[in-house]
Amino acid sequence: MTTLFTGRIRPLSAAAPALVEAMLVDDDGRIVAVGAAADLAAQDPAAERVALDGWAMPGLIEPHGHPGTAAVLLSDRVLDLRPVVVPDADGVMAALRAALAAADGAPVYANGWDALLQRGLPDPDLRLLDELAGSAPLVIVHNSGHSAYFNTAAARLAGLDRSTPDPVGASFGRTADGELNGVALEAGAVERIAAPLLQAAQADIVELLGAHFADLSRRGITTVADLSWNPALSPAVDALRAAGRMPLRLRWYEMSRPGGTPARHPGRRGGNEESLPEDAVMRQVGVKTWTDGSPWIGNIATSFPYLDTAATRDLGLPPGHRGASNYTAEQLHAIAEPSAAAGWQLACHAHGDLAVDETLDVYERLIRDHGLVDHRFRLEHVGAMTPEQFARAAALGVTVSLFVDHITYWGEVLVDDLFGPERGGAWADAGAAFAAGHRATFHNDGWVTPAEPLRNMAVAETRRTRSGRVMPGGTPVTRPQALAAHTGNAAWQLFSEHEIGSLDPGLFADMVVLDRDPLTVSAEELAAAEVREVRLGGRRVT
């Protein structure tokens with residue numbers, strides 16, 4: 001049976017008026033028509049009528065998340081130390097001591113350590129964590145996700161010792177005599193020390209994923225991309241779907257591994273093999289890799305040094321420090337080449353300007369060698385990317401996803417403590433991306449900052465931090481650009497524009513209903529908008 005939705009509807013479509021009063025949706029959840037209520041009612045007099053209470057727009061799309069990991073790290077199995085929850089160092093240390101006392105010798109895992117926002121935190125080395133936890137395993141994941149700190153008992157539980165080799169593109173910190181010093185840097189090493197937690201969580205992973213997906217849905221998100229999906233979690237998604245508990249669509253990226261072989265491409269974009277039917281709810285889109293690390297721990301590859309400040313000295317960075325890439329250009333090419341050859345979209349983490357150059361060099365070589373056209377290779381986060389680099393990427397057909405929420409939480413840190421007004425002030429320059437012709441997107445990167453797409457749009461417009469300070473560089477975006485970043489552009493970036501991203505005939509009726517007009521309210525009002533309901537294919541899920 002078809003459904004006639006009426007109300008104030010923003011299709012966010014080039015083909016439809018800016019505001020319509022009705023939308024007709026078939027029993028498969030696809031839009032038949034949009035327009036005047038009387039016209040659509042006459043088109044199908046038997047349609048069920050549903051009045052929408054608020055302003056409807058296309059469902060929000062998170063193009064760079066990590067729900068498979070966030071479902072565990074944001075669960076009650078992990079102590080939440082993120083600065084948005086525990087704002088100061090004293091609170092962090094008190095929470096750790098309380099959790100260790102309550103655990104009574106059982107392992108304690110914590111997430112969210114951030115010495116830049118929680119000023120006064122001690123150096124989290126092996127000695128400190130051994131003193132804190134004694135014989136109880138203790139692991140603390142940095143807020144960036146790019147490092148973790150652990151004690152002796154945690155290393156033993158994870159099977160790590162001085163003979164453990166460093167994963168390619170990652171490392172374990174070591175003392176002068178070769179012993180582990182309690183620091184894990186980058187994904188391969190963080191995964192190893194957190195492995196006991198992730199393995200233990202598998203027993204309840206259906207419930208953990210279900211709770212996390214429900215939370216994303218309540219925030220207006222109807223599609224989420226996982227940029228480090230573990231295919232072993234796919235049966236849990238199948239179980240949620242079978243139980244009618246999947247409130248959003250999932251697009252996922254395989255994690256690249258040095259020497260690894262990517263999954264077979266289904267032939268969606270013109271391969272020689274026969275194309276397989278698409279799963280509109282869940283499917284692989286591409287392959288993810290990393291060129292550098294996190295600005296908050298000093299390992300992004302830049303042509304300019306970090307400032308010499310109290311904050312950088314507390315991070316252990318010497319004067320004139322510059323970070324480095326995880327891989328050489330040849331190593332990155334060797335990792336990415338099999339995936340490009342197989343027809344997959346590539347998505348690469350790159351924050352520093354040197355990391356962006358290195359990634360673009362590799363992409364350009366792959367595009368040329370394989371004759372790629374509509375590849376939509378991605379650059380992720382791109383904190384220090386310059387207008388010239390945005391232009392080069394656009395010319396190559398490379399697309400960008402910006403972590404604009406860095407401005408909200410770390411704006412002052414970027415300018416005053418890390419990079420200065422010229423480099424830090426222009427961080428996450430979304431306006432420059434749009435000016436270069438990009439169909440840019442915004443994201444929150446899983447658990448790193450709260451999933452807040454409406455705030456992303458607002459901060460990209462105002463470039464204003466939580467304290468009200470306006471960044472001294474970079475370019476604001478317009479409201480239509482901001483809305484597109486979490487709707488139509490994100491759908492296109494995920495090769496899903498034929499299904500989602502606007503409220504156009506033929507697409508799924510994925511929509512969010514807000515308590516205010518997303519197109520005309522101020523940026524501050526947009527950030528504070530209330531999600532009243534969410535529908536997936538016309539079916540109410542929130």
# chains A, B, ... in the order shown; residues from 1 in each chain; ligands from 1
$ residues_around --residues "A:Val32" --least-positions-apart "2" --cutoff "7 Å" --atoms "only C-alpha atoms" --output "PyMOL selection string"
chain A and resi 24-26+30+505-506
$ residues_around --residues "stretch 400-413 of chain A" --least-positions-apart "4" --cutoff "6 Å" --atoms "only C-alpha atoms" --output "PyMOL selection string"
chain A and resi 378-381+417+428+440-443+456+465-466
$ write_last_selection --atoms "N, CA, C and O atoms" --output "PDB file, in the first residue's frame"
ATOM      1  N   ARG A 378      38.938   8.696  -2.089  1.00  0.00           N
ATOM      2  CA  ARG A 378      38.645   9.610  -1.002  1.00  0.00           C
ATOM      3  C   ARG A 378      39.899  10.002  -0.215  1.00  0.00           C
ATOM      4  O   ARG A 378      40.794   9.178  -0.002  1.00  0.00           O
ATOM      5  N   LEU A 379      39.916  11.241   0.274  1.00  0.00           N
ATOM      6  CA  LEU A 379      40.867  11.705   1.282  1.00  0.00           C
ATOM      7  C   LEU A 379      40.071  11.997   2.551  1.00  0.00           C
ATOM      8  O   LEU A 379      39.064  12.728   2.503  1.00  0.00           O
ATOM      9  N   GLU A 380      40.528  11.460   3.673  1.00  0.00           N
ATOM     10  CA  GLU A 380      39.771  11.538   4.923  1.00  0.00           C
ATOM     11  C   GLU A 380      40.399  12.513   5.911  1.00  0.00           C
ATOM     12  O   GLU A 380      41.614  12.499   6.125  1.00  0.00           O
ATOM     13  N   HIS A 381      39.593  13.348   6.513  1.00  0.00           N
ATOM     14  CA  HIS A 381      39.926  14.289   7.587  1.00  0.00           C
ATOM     15  C   HIS A 381      40.576  15.573   7.057  1.00  0.00           C
ATOM     16  O   HIS A 381      40.134  16.652   7.350  1.00  0.00           O
ATOM     17  N   ASP A 417      48.222  26.291  20.569  1.00  0.00           N
ATOM     18  CA  ASP A 417      49.136  25.308  21.136  1.00  0.00           C
ATOM     19  C   ASP A 417      49.894  24.468  20.118  1.00  0.00           C
ATOM     20  O   ASP A 417      50.994  24.002  20.411  1.00  0.00           O
ATOM     21  N   ALA A 428      40.751  22.256   8.516  1.00  0.00           N
ATOM     22  CA  ALA A 428      39.481  21.729   7.984  1.00  0.00           C
ATOM     23  C   ALA A 428      38.736  22.801   7.184  1.00  0.00           C
ATOM     24  O   ALA A 428      37.596  23.147   7.481  1.00  0.00           O
ATOM     25  N   ALA A 440      32.061  17.921  -1.221  1.00  0.00           N
ATOM     26  CA  ALA A 440      32.679  17.575   0.056  1.00  0.00           C
ATOM     27  C   ALA A 440      31.647  17.055   1.051  1.00  0.00           C
ATOM     28  O   ALA A 440      30.452  17.377   0.963  1.00  0.00           O
ATOM     29  N   THR A 441      32.132  16.267   2.015  1.00  0.00           N
ATOM     30  CA  THR A 441      31.293  15.763   3.089  1.00  0.00           C
ATOM     31  C   THR A 441      31.945  16.074   4.432  1.00  0.00           C
ATOM     32  O   THR A 441      33.126  16.402   4.514  1.00  0.00           O
ATOM     33  N   PHE A 442      31.128  15.968   5.498  1.00  0.00           N
ATOM     34  CA  PHE A 442      31.601  16.140   6.873  1.00  0.00           C
ATOM     35  C   PHE A 442      31.361  14.839   7.639  1.00  0.00           C
ATOM     36  O   PHE A 442      30.495  14.040   7.271  1.00  0.00           O
ATOM     37  N   HIS A 443      32.101  14.656   8.738  1.00  0.00           N
ATOM     38  CA  HIS A 443      31.924  13.433   9.528  1.00  0.00           C
ATOM     39  C   HIS A 443      32.373  13.651  10.965  1.00  0.00           C
ATOM     40  O   HIS A 443      32.954  14.684  11.298  1.00  0.00           O
ATOM     41  N   ASN A 456      28.000  19.759  12.873  1.00  0.00           N
ATOM     42  CA  ASN A 456      29.020  19.837  11.821  1.00  0.00           C
ATOM     43  C   ASN A 456      28.652  20.898  10.793  1.00  0.00           C
ATOM     44  O   ASN A 456      29.494  21.701  10.366  1.00  0.00           O
ATOM     45  N   THR A 465      34.344  27.923  17.653  1.00  0.00           N
ATOM     46  CA  THR A 465      34.592  26.875  18.640  1.00  0.00           C
ATOM     47  C   THR A 465      33.497  26.865  19.708  1.00  0.00           C
ATOM     48  O   THR A 465      32.632  27.753  19.751  1.00  0.00           O
ATOM     49  N   ARG A 466      33.565  25.886  20.607  1.00  0.00           N
ATOM     50  CA  ARG A 466      32.588  25.809  21.698  1.00  0.00           C
ATOM     51  C   ARG A 466      32.591  27.063  22.563  1.00  0.00           C
ATOM     52  O   ARG A 466      31.553  27.452  23.106  1.00  0.00           O
TER      53      ARG A 466
END
$ select_by_dssp --residues "stretch 226-273 of chain A" --states "strand (DSSP E)" --output "list in words"
Asp226, Leu227, Ser228, Trp229, Arg249, Leu250, Arg251, Trp252, Tyr253, Glu254 and Met255 of chain A
$ select_by_dssp --residues "stretch 413-480 of chain A" --states "helix (DSSP H, G or I)" --output "ChimeraX atom specification"
/A:413-423,430-435,453-462,479-480
$ residues_around --residues "A:Ala203" --least-positions-apart "6" --cutoff "12 Å" --atoms "only C-alpha atoms" --output "list in words"
Val72, Leu197, Leu209, Leu233 and Ala236 of chain A
$ write_last_selection --atoms "C-alpha atoms" --output "JSON list (two decimals), in the first residue's frame"
[["chain", "number", "residue", "atom", "x", "y", "z"],
["A", 72, "VAL", "CA", 32.13, -1.55, 22.00],
["A", 197, "LEU", "CA", 38.28, -6.55, 24.98],
["A", 209, "LEU", "CA", 25.59, -3.00, 17.68],
["A", 233, "LEU", "CA", 30.53, -8.59, 12.48],
["A", 236, "ALA", "CA", 25.37, -9.62, 13.84]]
$ closest_residue --among "A:Ala350, A:Ile300, A:Gln389, A:Leu519" --to "A:Phe419" --atoms "only C-alpha atoms"
A:Ile300
$ atom_distance --atom1 "atom CA of A:Ala301" --atom2 "atom CA of A:Asp353"
6.7 Å
$ atom_distance --atom1 "atom CA of A:Asp445" --atom2 "atom CA of A:Leu208"
18.1 Å
$ residues_around --residues "stretch 15-21 of chain A" --least-positions-apart "3" --cutoff "12 Å" --atoms "only C-alpha atoms" --output "ChimeraX atom specification"
/A:4-12,24,33-41,50-52,54-57,480,502-505,517-520
$ closest_residue --among "A:Val477, A:Leu73, A:Leu116, A:Ala482" --to "A:Ala201" --atoms "only C-alpha atoms"
A:Leu73
$ atom_distance --atom1 "atom CA of A:Gly134" --atom2 "atom CA of A:Ala106"
11.0 Å
